[in-house]
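K.L.:
Just model39.csv, nothing more (CSV, C-alpha atoms):
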```
chain,number,residue,atom,x,y,z
A,1,MET,CA,15.6,4.4,1.8
A,2,HIS,CA,16.0,8.1,2.2
A,3,GLU,CA,15.9,7.5,6.0
A,4,LEU,CA,19.7,7.1,5.7
A,5,SER,CA,20.0,10.7,4.5
A,6,ILE,CA,17.5,11.8,7.2
A,7,ALA,CA,19.5,10.0,9.9
A,8,MET,CA,22.6,11.7,8.7
A,9,SER,CA,21.0,15.1,9.1
A,10,LEU,CA,19.6,14.1,12.4
A,11,VAL,CA,23.0,13.0,13.8
A,12,GLU,CA,24.7,16.1,12.4
A,13,ILE,CA,22.2,18.4,14.2
A,14,ALA,CA,22.2,16.4,17.4
A,15,THR,CA,26.0,16.3,17.6
A,16,GLU,CA,26.2,20.0,16.9
A,17,GLU,CA,23.7,20.7,19.8
A,18,ALA,CA,25.5,18.2,22.1
A,19,SER,CA,28.9,19.9,21.5
A,20,ARG,CA,27.3,23.2,22.5
A,21,LEU,CA,26.3,21.7,25.9
A,22,GLY,CA,29.9,21.0,26.8
A,23,ASP,CA,31.1,17.9,28.6
A,24,VAL,CA,27.9,15.8,28.7
A,25,ARG,CA,26.8,12.4,27.7
A,26,ILE,CA,23.7,12.1,25.4
A,27,ASP,CA,21.4,9.4,26.7
A,28,ALA,CA,18.6,9.8,24.2
A,29,VAL,CA,17.6,11.8,21.1
A,30,HIS,CA,13.9,12.7,21.0
A,31,VAL,CA,12.3,13.0,17.6
A,32,ARG,CA,8.8,14.0,16.6
A,33,LEU,CA,7.5,12.3,13.5
A,34,GLY,CA,4.3,13.1,11.7
A,35,PRO,CA,2.4,10.6,9.5
A,36,LEU,CA,3.0,12.8,6.5
A,37,SER,CA,6.7,13.2,7.1
A,38,GLY,CA,7.4,10.4,4.6
A,39,VAL,CA,9.7,8.7,7.1
A,40,VAL,CA,9.4,5.1,8.2
A,41,GLU,CA,10.2,4.6,11.8
A,42,GLU,CA,11.9,1.2,11.5
A,43,SER,CA,14.2,2.5,8.7
A,44,LEU,CA,15.0,5.6,10.7
A,45,ARG,CA,15.9,3.5,13.7
A,46,PHE,CA,18.1,1.2,11.7
A,47,SER,CA,19.9,4.1,9.9
A,48,PHE,CA,20.3,6.1,13.2
A,49,GLY,CA,22.1,3.1,14.7
A,50,LEU,CA,24.5,3.0,11.8
A,51,VAL,CA,25.1,6.7,11.4
A,52,SER,CA,25.5,7.6,15.1
A,53,GLN,CA,28.4,5.1,15.5
A,54,GLY,CA,31.6,6.8,16.4
A,55,THR,CA,30.0,10.2,16.9
A,56,ALA,CA,29.5,12.1,20.2
A,57,ILE,CA,26.0,10.6,20.5
A,58,ASP,CA,27.1,7.0,19.9
A,59,GLY,CA,25.1,4.7,22.2
A,60,SER,CA,22.2,7.1,22.7
A,61,ARG,CA,18.6,5.9,22.3
A,62,LEU,CA,16.3,7.2,19.6
A,63,GLU,CA,13.0,8.1,21.2
A,64,ILE,CA,10.3,8.6,18.6
A,65,GLU,CA,7.1,10.5,19.4
A,66,HIS,CA,4.3,10.1,16.8
A,67,VAL,CA,2.5,13.3,16.2
A,68,PRO,CA,-1.2,12.8,15.3
A,69,LEU,CA,-2.5,14.0,12.0
A,70,THR,CA,-4.5,17.2,12.6
A,71,VAL,CA,-6.7,18.9,10.0
A,72,TYR,CA,-9.1,21.8,10.1
A,73,CYS,CA,-12.6,21.0,9.2
A,74,MET,CA,-14.5,23.9,7.6
A,75,GLN,CA,-17.9,22.3,8.2
A,76,CYS,CA,-17.3,21.7,11.9
A,77,ALA,CA,-15.2,24.9,12.2
A,78,THR,CA,-12.7,23.1,14.4
A,79,THR,CA,-9.6,20.9,14.2
A,80,ARG,CA,-10.0,17.1,13.9
A,81,HIS,CA,-7.9,14.0,13.6
A,82,PRO,CA,-8.6,12.0,10.4
A,83,ARG,CA,-8.6,8.2,10.7
A,84,SER,CA,-5.6,7.9,8.4
A,85,ILE,CA,-3.6,9.7,5.8
A,86,GLN,CA,-5.5,7.6,3.2
A,87,HIS,CA,-8.7,9.4,4.0
A,88,LEU,CA,-8.3,13.1,4.5
A,89,ARG,CA,-11.8,13.6,5.9
A,90,CYS,CA,-13.3,14.9,9.0
A,91,PRO,CA,-14.0,11.8,11.2
A,92,VAL,CA,-17.2,13.5,12.5
A,93,CYS,CA,-19.0,15.0,9.5
A,94,ASP,CA,-17.0,13.1,6.7
A,95,ALA,CA,-16.2,16.3,4.8
A,96,PRO,CA,-12.9,16.1,2.8
A,97,THR,CA,-10.3,18.6,3.9
A,98,ALA,CA,-6.9,19.4,2.6
A,99,ASP,CA,-6.2,21.9,5.4
A,100,ILE,CA,-3.4,20.2,7.3
A,101,VAL,CA,-2.6,21.7,10.6
A,102,ARG,CA,0.0,19.2,11.7
A,103,GLY,CA,1.4,15.9,10.5
A,104,LYS,CA,4.5,16.8,8.4
A,105,ASP,CA,6.7,17.0,11.5
A,106,LEU,CA,10.2,15.7,11.2
A,107,GLU,CA,11.8,17.4,14.2
A,108,LEU,CA,14.7,16.9,16.6
A,109,PHE,CA,12.7,17.8,19.6
A,110,ALA,CA,15.1,17.3,22.5
A,111,LEU,CA,18.2,15.7,23.8
A,112,GLU,CA,18.3,13.7,27.0
A,113,VAL,CA,21.5,14.8,28.7
A,114,HIS,CA,23.6,13.4,31.5
A,115,ASP,CA,25.9,16.0,33.0
A,116,ASP,CA,27.9,13.8,35.3
A,117,VAL,CA,30.0,12.2,32.6
A,118,ALA,CA,33.1,11.3,34.7
A,119,THR,CA,31.3,9.0,37.1
A,120,HIS,CA,29.6,7.1,34.4
A,121,SER,CA,32.3,6.7,31.7
B,1,MET,CA,22.7,13.0,38.9
B,2,SER,CA,19.6,12.2,36.9
B,3,PRO,CA,19.4,13.1,33.2
B,4,ARG,CA,17.8,16.3,32.1
B,5,ILE,CA,15.9,17.1,28.9
B,6,VAL,CA,17.3,19.9,26.7
B,7,GLU,CA,14.8,21.2,24.2
B,8,VAL,CA,16.2,21.6,20.7
B,9,ARG,CA,13.2,21.9,18.4
B,10,LYS,CA,15.0,21.9,15.0
B,11,ASP,CA,13.6,20.5,11.7
B,12,ILE,CA,15.8,17.6,10.7
B,13,LEU,CA,15.7,18.8,7.1
B,14,LYS,CA,16.3,22.4,7.9
B,15,LYS,CA,19.4,22.5,5.8
B,16,ASN,CA,17.5,21.3,2.7
B,17,ASP,CA,14.6,23.7,3.5
B,18,LEU,CA,16.9,26.7,3.8
B,19,LEU,CA,18.6,25.8,0.4
B,20,ALA,CA,15.1,25.3,-1.1
B,21,ARG,CA,14.1,28.7,0.1
B,22,GLU,CA,17.2,30.3,-1.4
B,23,LEU,CA,16.4,28.5,-4.7
B,24,ARG,CA,12.8,29.7,-4.7
B,25,ALA,CA,14.0,33.3,-4.2
B,26,ARG,CA,16.5,32.9,-7.0
B,27,PHE,CA,13.8,31.5,-9.4
B,28,SER,CA,11.5,34.3,-8.5
B,29,SER,CA,14.0,37.1,-9.1
B,30,ALA,CA,15.1,35.5,-12.4
B,31,GLY,CA,11.4,35.3,-13.4
B,32,VAL,CA,11.6,31.5,-14.2
B,33,TYR,CA,8.7,29.2,-13.3
B,34,VAL,CA,9.9,25.9,-12.0
B,35,LEU,CA,8.0,22.6,-12.2
B,36,SER,CA,9.1,19.3,-10.8
B,37,LEU,CA,7.9,15.9,-11.9
B,38,VAL,CA,7.7,12.9,-9.6
B,39,SER,CA,6.4,9.4,-10.3
B,40,SER,CA,7.3,5.7,-10.1
B,41,PRO,CA,9.8,4.4,-12.6
B,42,GLY,CA,8.0,3.8,-15.9
B,43,ALA,CA,5.1,6.2,-15.5
B,44,GLY,CA,6.2,8.1,-18.6
B,45,LYS,CA,7.9,11.1,-17.1
B,46,THR,CA,10.6,11.4,-19.8
B,47,THR,CA,8.3,11.0,-22.8
B,48,PHE,CA,5.8,13.4,-21.2
B,49,LEU,CA,8.6,15.9,-20.6
B,50,GLU,CA,10.1,15.5,-24.0
B,51,ARG,CA,6.8,16.4,-25.6
B,52,THR,CA,6.3,19.3,-23.2
B,53,LEU,CA,9.7,20.7,-23.9
B,54,THR,CA,9.1,20.5,-27.7
B,55,ASP,CA,5.6,22.0,-27.7
B,56,LEU,CA,6.3,24.7,-25.1
B,57,GLY,CA,9.7,25.4,-26.6
B,58,SER,CA,8.0,26.8,-29.7
B,59,ASP,CA,7.1,30.0,-28.0
B,60,HIS,CA,8.9,29.9,-24.6
B,61,ARG,CA,12.4,29.5,-23.3
B,62,VAL,CA,12.5,26.1,-21.6
B,63,ALA,CA,15.1,23.9,-20.0
B,64,ALA,CA,15.3,20.8,-17.9
B,65,LEU,CA,17.2,19.1,-15.1
B,66,VAL,CA,16.9,15.4,-14.9
B,67,GLY,CA,17.8,13.1,-12.1
B,68,ASP,CA,18.7,9.5,-12.3
B,69,LEU,CA,20.6,7.0,-10.3
B,70,ALA,CA,22.9,6.3,-13.3
B,71,THR,CA,23.4,7.1,-17.0
B,72,ASP,CA,22.7,10.3,-18.9
B,73,ARG,CA,20.3,8.6,-21.3
B,74,ASP,CA,17.4,10.8,-20.3
B,75,ALA,CA,19.3,14.0,-20.7
B,76,ARG,CA,20.4,12.9,-24.2
B,77,ARG,CA,16.8,11.9,-25.1
B,78,LEU,CA,15.4,15.2,-23.8
B,79,GLY,CA,18.1,17.1,-25.6
B,80,ASN,CA,16.4,16.1,-28.9
B,81,SER,CA,13.8,18.7,-28.1
B,82,GLY,CA,16.4,21.4,-28.6
B,83,ALA,CA,16.1,22.6,-25.0
B,84,PRO,CA,19.1,22.9,-22.8
B,85,VAL,CA,19.2,19.8,-20.5
B,86,ARG,CA,21.4,18.9,-17.6
B,87,GLN,CA,21.6,15.4,-16.0
B,88,ILE,CA,22.0,14.9,-12.3
B,89,VAL,CA,23.4,11.5,-11.6
B,90,THR,CA,22.6,10.7,-8.0
B,91,GLY,CA,24.6,7.5,-7.6
B,92,THR,CA,22.9,5.6,-4.9
B,93,VAL,CA,20.6,8.4,-3.7
B,94,CYS,CA,17.0,7.7,-4.4
B,95,HIS,CA,15.8,11.3,-4.6
B,96,LEU,CA,16.9,14.8,-5.6
B,97,ASP,CA,17.5,17.4,-2.9
B,98,ALA,CA,18.0,21.1,-2.9
B,99,GLU,CA,21.7,20.9,-2.7
B,100,MET,CA,21.9,18.7,-5.8
B,101,LEU,CA,19.8,21.2,-7.6
B,102,THR,CA,21.9,24.1,-6.5
B,103,THR,CA,25.1,22.4,-7.7
B,104,ALA,CA,23.5,21.4,-11.0
B,105,LEU,CA,22.3,25.0,-11.6
B,106,ASP,CA,25.8,26.4,-11.2
B,107,GLY,CA,26.7,28.8,-14.0
B,108,TRP,CA,23.3,28.6,-15.5
B,109,ASP,CA,21.7,31.9,-16.5
B,110,LEU,CA,18.2,31.5,-15.1
B,111,ASN,CA,17.2,34.9,-16.5
B,112,ALA,CA,17.3,33.4,-19.9
B,113,LEU,CA,14.5,31.0,-19.1
B,114,ASP,CA,10.7,31.1,-18.8
B,115,PHE,CA,10.2,27.5,-17.6
B,116,LEU,CA,12.5,25.0,-15.9
B,117,PHE,CA,11.4,21.4,-15.5
B,118,VAL,CA,13.0,19.2,-12.9
B,119,GLU,CA,12.5,15.5,-13.4
B,120,ASN,CA,13.1,13.6,-10.1
B,121,VAL,CA,14.4,10.1,-9.7
B,122,GLY,CA,11.6,7.5,-10.4
B,123,ASN,CA,10.4,6.9,-6.9
B,124,LEU,CA,7.1,7.7,-5.1
B,125,VAL,CA,8.4,7.6,-1.6
B,126,CYS,CA,11.6,9.5,-0.9
B,127,PRO,CA,11.1,12.6,-3.0
B,128,ALA,CA,8.1,13.5,-0.9
B,129,SER,CA,10.3,14.8,2.0
B,130,TYR,CA,12.4,17.1,0.0
B,131,ASP,CA,11.5,20.7,-1.0
B,132,LEU,CA,13.3,21.6,-4.2
B,133,GLY,CA,12.2,25.2,-4.2
B,134,GLU,CA,9.9,24.4,-7.1
B,135,ASN,CA,6.7,26.4,-7.8
B,136,LEU,CA,4.7,23.4,-8.8
B,137,ARG,CA,5.1,19.7,-8.0
B,138,VAL,CA,3.4,17.4,-10.5
B,139,VAL,CA,2.9,13.7,-9.6
B,140,LEU,CA,2.5,11.5,-12.6
B,141,LEU,CA,0.9,8.1,-12.7
B,142,SER,CA,0.0,6.0,-15.6
B,143,VAL,CA,-3.3,4.2,-16.3
B,144,THR,CA,-1.4,0.9,-16.2
B,145,GLU,CA,-0.3,1.3,-12.5
B,146,GLY,CA,-3.6,0.5,-10.8
B,147,GLU,CA,-6.2,2.8,-9.4
B,148,ASP,CA,-5.2,2.2,-5.8
B,149,LYS,CA,-1.7,3.7,-6.1
B,150,PRO,CA,-2.6,7.0,-4.5
B,151,LEU,CA,-3.8,5.1,-1.4
B,152,LYS,CA,-0.5,3.2,-1.3
B,153,TYR,CA,1.6,6.4,-1.6
B,154,PRO,CA,-0.5,9.1,0.1
B,155,THR,CA,2.4,11.3,1.2
B,156,ILE,CA,3.7,12.1,-2.3
B,157,PHE,CA,0.2,12.9,-3.5
B,158,ASN,CA,-0.4,15.1,-0.5
B,159,SER,CA,2.9,17.0,-1.3
B,160,ALA,CA,1.9,17.5,-4.9
B,161,ASP,CA,0.1,20.5,-6.5
B,162,LEU,CA,-1.2,18.6,-9.5
B,163,ALA,CA,-1.8,15.0,-10.5
B,164,MET,CA,-1.2,13.9,-14.1
B,165,ILE,CA,-2.6,10.7,-15.3
B,166,THR,CA,-0.4,9.5,-18.2
B,167,LYS,CA,-0.7,7.0,-21.1
B,168,ILE,CA,-4.4,7.7,-21.3
B,169,ASP,CA,-4.4,6.2,-24.8
B,170,LEU,CA,-4.1,2.8,-23.1
B,171,ALA,CA,-7.1,3.4,-20.8
B,172,ASP,CA,-9.5,1.1,-22.6
B,173,ALA,CA,-6.9,-1.6,-23.2
B,174,VAL,CA,-6.1,-2.0,-19.5
B,175,GLY,CA,-9.6,-1.5,-18.3
B,176,PHE,CA,-8.7,1.8,-16.5
B,177,ASP,CA,-11.4,2.9,-14.0
B,178,ARG,CA,-11.2,6.7,-14.2
B,179,GLU,CA,-13.7,7.4,-11.5
B,180,GLU,CA,-12.0,5.1,-9.0
B,181,MET,CA,-8.6,6.7,-9.8
B,182,HIS,CA,-9.9,10.3,-9.4
B,183,ARG,CA,-11.7,9.3,-6.2
B,184,ASN,CA,-8.5,7.8,-4.7
B,185,ILE,CA,-6.4,10.8,-5.6
B,186,ARG,CA,-8.9,13.2,-4.0
B,187,GLU,CA,-9.2,10.9,-0.9
B,188,VAL,CA,-5.5,11.4,-0.1
B,189,SER,CA,-5.4,15.0,-1.4
B,190,PRO,CA,-8.8,16.7,-1.4
B,191,GLY,CA,-9.2,19.3,-4.2
B,192,LEU,CA,-6.0,18.3,-6.0
B,193,GLU,CA,-6.1,19.3,-9.6
B,194,ILE,CA,-6.1,16.3,-12.0
B,195,LEU,CA,-5.2,16.3,-15.7
B,196,GLU,CA,-5.0,13.4,-18.1
B,197,THR,CA,-2.6,13.1,-21.1
B,198,SER,CA,-1.1,10.8,-23.6
B,199,ALA,CA,2.3,12.1,-24.7
B,200,ARG,CA,2.2,9.6,-27.6
B,201,THR,CA,-1.1,10.6,-29.2
B,202,GLY,CA,-1.0,14.2,-27.9
B,203,GLU,CA,-4.4,13.8,-26.2
B,204,GLY,CA,-4.7,16.3,-23.3
B,205,MET,CA,-1.4,18.0,-24.0
B,206,GLU,CA,-3.2,21.1,-25.1
B,207,ALA,CA,-5.0,21.5,-21.8
B,208,TRP,CA,-1.7,20.8,-19.9
B,209,LEU,CA,0.3,23.4,-21.9
B,210,ARG,CA,-2.5,26.0,-21.5
B,211,HIS,CA,-2.3,25.4,-17.7
B,212,VAL,CA,1.5,25.7,-17.7
B,213,ARG,CA,1.4,28.9,-19.7
B,214,SER,CA,-1.1,30.5,-17.4
B,215,LEU,CA,0.9,29.5,-14.3
B,216,GLY,CA,4.0,31.0,-16.0
B,217,ARG,CA,2.2,34.3,-16.7
B,218,ALA,CA,0.8,34.5,-13.2
B,219,GLY,CA,4.3,33.8,-11.8
B,220,ALA,CA,5.8,36.5,-14.0
B,221,ALA,CA,3.2,39.0,-12.9
B,222,ARG,CA,4.0,38.3,-9.2
B,223,ALA,CA,7.8,38.7,-9.7
```
For this file, produce the structure as structure tokens.
P.N.:
Amino acid sequence: MHELSIAMSLVEIATEEASRLGDVRIDAVHVRLGPLSGVVEESLRFSFGLVSQGTAIDGSRLEIEHVPLTVYCMQCATTRHPRSIQHLRCPVCDAPTADIVRGKDLELFALEVHDDVATHS
Amino acid sequence: MSPRIVEVRKDILKKNDLLARELRARFSSAGVYVLSLVSSPGAGKTTFLERTLTDLGSDHRVAALVGDLATDRDARRLGNSGAPVRQIVTGTVCHLDAEMLTTALDGWDLNALDFLFVENVGNLVCPASYDLGENLRVVLLSVTEGEDKPLKYPTIFNSADLAMITKIDLADAVGFDREEMHRNIREVSPGLEILETSARTGEGMEAWLRHVRSLGRAGAARA
């Protein structure tokens, strides 16, 4: 369950960024997750709920965008999306490839911000 | 007013990655080659490391850091090899991170070392996400664990630089299917180098140590 540690880092960065924006309310935290990030979505959601309590982003939604695995296939000389991380092969020509272009993403992508705090709180 | 989106684009593990980068620079300037070992509990990391430290220690300056949830049993065991060993007790944390390594290395003269081994907590899931600044990550799995293990834990195999199949002396007894294991490893990490050893009988240790020595020399030449 290292998602707890990951959630702590996420909340730390998100609250830092939120404080920089001044008097705002954070409605949602947008995260990009790759299949090779080693992070399980459900565990991250659970941990985020726990860790964000009592912080400046308490009550915000966690929006997770799954980034597709992208590799470079030498045979086809182009990027492809393998069927799964269990089979790092080109889905077209079936050549194995270790050349990962994307898929390790574990990124705080954006914050959804509400500026009009007074009328909503 | 409707909500607006503020783009942040920050790696969630940036703090760890920055510390890992600092460690890597420190290792490089000290001329020490750092190898980390990851596996499930019981794959034989400590026995393998004990033998490696003893054999490599005859002509190189070696040391180890060893991570466990509790106890310093592994550090005491590895200390039998004569190499300096420090234990990192993680408490409830299921993996090592760059900060723990930085703290554990405090006051250690890295210039006095040729090789430093870092034994991670026995876990094939969590350590995959954390860069430790190591030069080589070795994932170990024993012949008793089942040939489909790489397919079950693809991320850690993908993050590794070498796969070490351990307890090879038990291969026949457990009906180990070598081809199937190699195929599965390469399916989740094409081209990954695979070695096989038995720390008990010594089988395959020569090839492993030759490999480590050549990596150390190449590392020293680059520094």
K.L.:
Using only C-alpha atoms, collect all residues at a distance of at most 12 Å from (-4.1, 17.4, -11.4) as written in the file, then present them as a short mmCIF file (atom, residue, chain, number, x, y, z; two decimals) with C-alpha atoms, keeping the file's coordinate frame.
P.N.:
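Result file is out-v5.cif:
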```cif
data_model
loop_
_atom_site.label_atom_id
_atom_site.label_comp_id
_atom_site.auth_asym_id
_atom_site.auth_seq_id
_atom_site.Cartn_x
_atom_site.Cartn_y
_atom_site.Cartn_z
CA LEU B 136 4.70 23.40 -8.80
CA ARG B 137 5.10 19.70 -8.00
CA VAL B 138 3.40 17.40 -10.50
CA VAL B 139 2.90 13.70 -9.60
CA LEU B 140 2.50 11.50 -12.60
CA LEU B 141 0.90 8.10 -12.70
CA PHE B 157 0.20 12.90 -3.50
CA ASN B 158 -0.40 15.10 -0.50
CA ALA B 160 1.90 17.50 -4.90
CA ASP B 161 0.10 20.50 -6.50
CA LEU B 162 -1.20 18.60 -9.50
CA ALA B 163 -1.80 15.00 -10.50
CA MET B 164 -1.20 13.90 -14.10
CA ILE B 165 -2.60 10.70 -15.30
CA THR B 166 -0.40 9.50 -18.20
CA MET B 181 -8.60 6.70 -9.80
CA HIS B 182 -9.90 10.30 -9.40
CA ILE B 185 -6.40 10.80 -5.60
CA ARG B 186 -8.90 13.20 -4.00
CA SER B 189 -5.40 15.00 -1.40
CA PRO B 190 -8.80 16.70 -1.40
CA GLY B 191 -9.20 19.30 -4.20
CA LEU B 192 -6.00 18.30 -6.00
CA GLU B 193 -6.10 19.30 -9.60
CA ILE B 194 -6.10 16.30 -12.00
CA LEU B 195 -5.20 16.30 -15.70
CA GLU B 196 -5.00 13.40 -18.10
CA THR B 197 -2.60 13.10 -21.10
CA GLY B 204 -4.70 16.30 -23.30
CA ALA B 207 -5.00 21.50 -21.80
CA TRP B 208 -1.70 20.80 -19.90
CA HIS B 211 -2.30 25.40 -17.70
CA VAL B 212 1.50 25.70 -17.70
#
```
K.L.:
For a test of reading the model, state the distance in Å between atom CA of Ala25 of chain B and atom CA of Glu134 of chain B, rounded to one decimal.
P.N.:
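Going from atom CA of Ala25 of chain B over to atom CA of Glu134 of chain B, I get 10.2 Å.
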K.L.:
Pull out every residue of chain A sitting within 8 Å of chain B, counting all atoms listed in the file, and send them as a VMD selection string.
P.N.:
chain A and resid 1 to 2 6 9 to 10 13 17 27 36 to 39 85 to 89 96 to 98 105 to 116
K.L.:
Taking into account only C-alpha atoms, which residue in the set A:Ile64, A:Cys93, A:Ala56, A:Val51 is nearest to Thr15 of chain A?
P.N.:
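Using only C-alpha atoms, Thr15 of chain A sits closest to A:Ala56.
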K.L.:
Quick one: residues within 12 Å of His81 of chain A, all atoms listed in the file counted, chain neighbours fewer than 4 positions away excluded, as a PyMOL selection string?
P.N.:
chain A and resi 35+67-73+85+87-94+97+99-103
